[in-house]
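Everything on this sheet refers to the single structure shown next.
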Amino acid sequence: MASEEIRTATSTPVRSSAGTGAESETPSTRAWMTRLVVVGIVLTALNLRPAITSLGALLEEVRDGLGMSGSVAGLLTSVPPLCFAVFGVMAPRLARRFGAAAVVGAGMVAITAGLVIRPYAGGTAGFLAASALALMGIAVSNVLMPVIVKRWFPDRVGSMTGLYSMALALGTSAAAAVTVPLTGVLGGSWQSGLAVWAGLAAAAVLPWIPLVRARGAAGGSHGFVGSSKEAAAAGPQEPDGLRITRSRTAWALAVFFGLQATAAYITMGWMAQIFRDAGVAAGTAGLLLAVTMVMGVPLAFVIPRLATRLPHQGPIAVVLGVCGLAGYAGLYFAPAAGAWAWALLLGVSNCAFPLALTMVGMRARTGAGVAKLSAFAQSTGYLISIPGPLLVGVLYQHSGGWGLPIALMAGLMIPQIVVGIVAGRNRTVEEEAAR
C-alpha cells in the first residue's frame, strides 16, 4: 500500500467536473502548472537556509539580547541537523497522507511562522522552539524536493536539481552576506534583521496554493497533482515492502550525505575563525567565507547536469574530495598566505551537496523509492553530521590551535570519497533491496 499511496500522491489525473472520468487537463493547463512548479521549487529552495545563516550572522547580538550562555549558543549549531534528521523522516508519510505540494506549502508556512515568532519570543526557550518550527518546515521540504523533481521532470532530473541547488546556494549566501547590513538599514535591531526573512518564506507559500487546489478539484484525496503520463514516465511502481536499509547504495549515499553535511557545517561555523586566528582581518575573513559559499551558486547548476550524463558519479565525488583535501592542506600550512585559493577550493568541495541530491533522484527507479531514499539518506546523514562542528570546537579548545581540527576535517574527506564512489554506481535501491 505504501508505494501505491506514493503513486496516488504524485500522479492523480485531473478529472472532468462532469464526472465522466475522462481527463480534462489541456496542454495549456499542463504547461501553466509546470511553470508554477518550477517557480515553487525555486522559491522553496531560496528559503531552505536563510533561517540558519541569518542567525549565524547575528549570533553575537542574539546572545547578548537573550542573555544566552556560550554552551546554549554552541548548541544552536547542532540544532539544524538534529531537526532535519528528526522531522525529515516524517516527510514521506505526510506526503502520502496530504500530498507533496500540500506538505511543502505547509513547510513554507512553518518557516514563515517560525521566523516571525522567534525574534520576539521573549526568551531562550521560546527562541529555540520557534527556530525548531522553522527547521521542521525546512526538513520536510528538503526531503520532498527530489520527489517533486523526479515526478514532474523525470527526463530533466539533472537540470532541475541543478536549478534547485543553485537557488538553495543563492539563498544561503545571500542571507549570510545581507543580514548584517540589512539590520543596519532597519534601525540596528537584531529582531528586525532576523524577522525580515519571513517575507521571503511567505512568498514561497503562494505557488503551492493553486497546485493544492487543483489537486482538490481533481477529486484526489492524496498527493501532488500530475498526469497519468507523468506516472508512466517515472517508470513502474514497486510493490510495498521496499526495505531501504537492505541497499548498500542507500547506506553509502546516507554516509556520503552525512560527511558532506559535516564538512559544510564545519565550514560555515569555523572557517572564518580559522582565518582570523591566522591574522586575516575580520572583514576579510567574512568575505572569504562568503566566497566559499557563493562558489555553490554556479557549480550547483553545473554538477547535477554533468552527473546525469555520466554512467558513474564516483569520479565527481573524487574530484570534489581532492579539492577539499587540497583546501585543508592549505589551511594547515599557509592559512593566510593562500587564503583566497583555499576558500575557492573548499567552495568547490562543498558542492558535494548538489551531487548527493542528484544521486538521490538517480539511485531510485520510482516515486516511492525516491521518497524513501531521500528520507533515509537525509535523516541518517544529518544525524551523522551532528557531532562534527562540536568536535571541532572541543579539539580547538583543548589543543589551543587549529592543527588537530584541520587534520580531522581532512581525514573525513577520505571516507567521503570512498562512499561517494560506492553511491555513484549505476544501480537502484529497488534492485538491491530485491536481492
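FYI, nothing fancy with the C-alpha cells labels: chains A, B, ... in order, residues from 1 per chain, ligands from 1 as they appear.
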### Task
Skip A:Arg35 itself and residues of its chain fewer than 4 positions away, then list as an NGL selection string all residues within 12 Å of it, counting only C-alpha atoms.
:A and (28-31 or 39-42 or 152-153 or 207-208 or 211)
### Task
For A:Ala364, work out the shell of residues within 7 Å, counting only C-alpha atoms and skipping chain neighbours fewer than 4 positions away, then give it as a list in words.
Val360, Gly369, Val370, Thr428, Val429 and Glu430 of chain A
Export of prior selection with N, CA, C and O atoms as an mmCIF file, in the first residue's frame:
```
data_model
loop_
_atom_site.group_PDB
_atom_site.id
_atom_site.type_symbol
_atom_site.label_atom_id
_atom_site.label_comp_id
_atom_site.auth_asym_id
_atom_site.auth_seq_id
_atom_site.Cartn_x
_atom_site.Cartn_y
_atom_site.Cartn_z
ATOM 1 N N VAL A 360 20.331 10.979 -5.264
ATOM 2 C CA VAL A 360 19.064 10.518 -4.672
ATOM 3 C C VAL A 360 18.036 10.267 -5.776
ATOM 4 O O VAL A 360 17.340 9.251 -5.785
ATOM 5 N N GLY A 369 10.397 4.967 -4.315
ATOM 6 C CA GLY A 369 11.800 4.750 -3.988
ATOM 7 C C GLY A 369 12.537 6.036 -3.699
ATOM 8 O O GLY A 369 13.344 6.113 -2.762
ATOM 9 N N VAL A 370 12.277 7.086 -4.491
ATOM 10 C CA VAL A 370 12.919 8.373 -4.259
ATOM 11 C C VAL A 370 12.515 8.936 -2.899
ATOM 12 O O VAL A 370 13.348 9.463 -2.154
ATOM 13 N N THR A 428 20.043 0.766 -8.705
ATOM 14 C CA THR A 428 18.951 1.379 -7.951
ATOM 15 C C THR A 428 18.724 0.635 -6.649
ATOM 16 O O THR A 428 19.045 -0.551 -6.523
ATOM 17 N N VAL A 429 18.142 1.347 -5.696
ATOM 18 C CA VAL A 429 17.884 0.731 -4.393
ATOM 19 C C VAL A 429 16.821 -0.362 -4.504
ATOM 20 O O VAL A 429 16.839 -1.320 -3.729
ATOM 21 N N GLU A 430 15.896 -0.219 -5.457
ATOM 22 C CA GLU A 430 14.890 -1.261 -5.635
ATOM 23 C C GLU A 430 15.531 -2.586 -6.042
ATOM 24 O O GLU A 430 15.162 -3.654 -5.536
#
```
#### Entry: Spatial neighbours of A:Met268, max dist 12 Å, only C-alpha atoms, sep filter under 2 positions, as a PyMOL selection string
chain A and resi 49+52-57+77+172-173+176+261-266+270-274+285-286+288-293+343+346-347+350+388-389
### Query
Pick from A:Ala167, A:Val392, A:Ala352, A:Leu194: nearest to A:Val116, with only C-alpha atoms counted?
A:Leu194
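Distance annotation: of A:Ala195, A:Leu163, A:Val302, A:Leu82, the residue with the minimal separation from A:Leu58 is A:Ala195; atom set is only C-alpha atoms.
Distance check against A:Ile209 using only C-alpha atoms: of A:Gly314, A:Gly105, A:Pro415, A:Gly393, the minimum falls on A:Gly105.
Among the candidates A:Val140, A:Ala341, A:Val348, A:Val394, the one nearest to A:Ala102 when counting only C-alpha atoms is A:Val140.
Residues in contact with A:Trp190 at 7 Å, where only C-alpha atoms are counted and same-chain residues fewer than 6 positions away are skipped, are listed as Leu58, Glu61, Val62 and Thr183 of chain A.
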For the residues in the current selection, export C-alpha atoms as a PDB file, in the first residue's frame.
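So selection_14.pdb came out as:
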```
ATOM      1  CA  LEU A  58      23.754  37.964  14.168  1.00  0.00           C
ATOM      2  CA  GLU A  61      23.737  40.169  19.081  1.00  0.00           C
ATOM      3  CA  VAL A  62      21.219  37.391  19.756  1.00  0.00           C
ATOM      4  CA  THR A 183      19.794  45.024  10.054  1.00  0.00           C
TER       5      THR A 183
END
```
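Atom CA of A:Ile244 lies 28.9 Å from atom CA of A:Val38.
For the residues A:Ala214, A:Val297, A:Leu390, A:Ala250, ranking by smallest atom-to-atom distance to A:Ala433 using only C-alpha atoms places A:Ala250 first.
Here atom CA of A:Gly338 is placed at a distance of 22.6 Å from atom CA of A:Pro298.
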### Task
Write down as a ChimeraX atom specification the residues of stretch 128-312 of chain A whose backbone DSSP state falls under helix (DSSP H, G or I).
/A:128-152,157-185,190-195,198-205,208-217,228-233,244-246,248-277,282-294,296-308
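With distances restricted to only C-alpha atoms, A:Met108 is the closest residue to A:Leu133 from A:Met108, A:Arg151, A:Pro146, A:Tyr164.
One distance worth recording is that between atom CA of A:Val147 and atom CA of A:Ala129, which is 28.2 Å.
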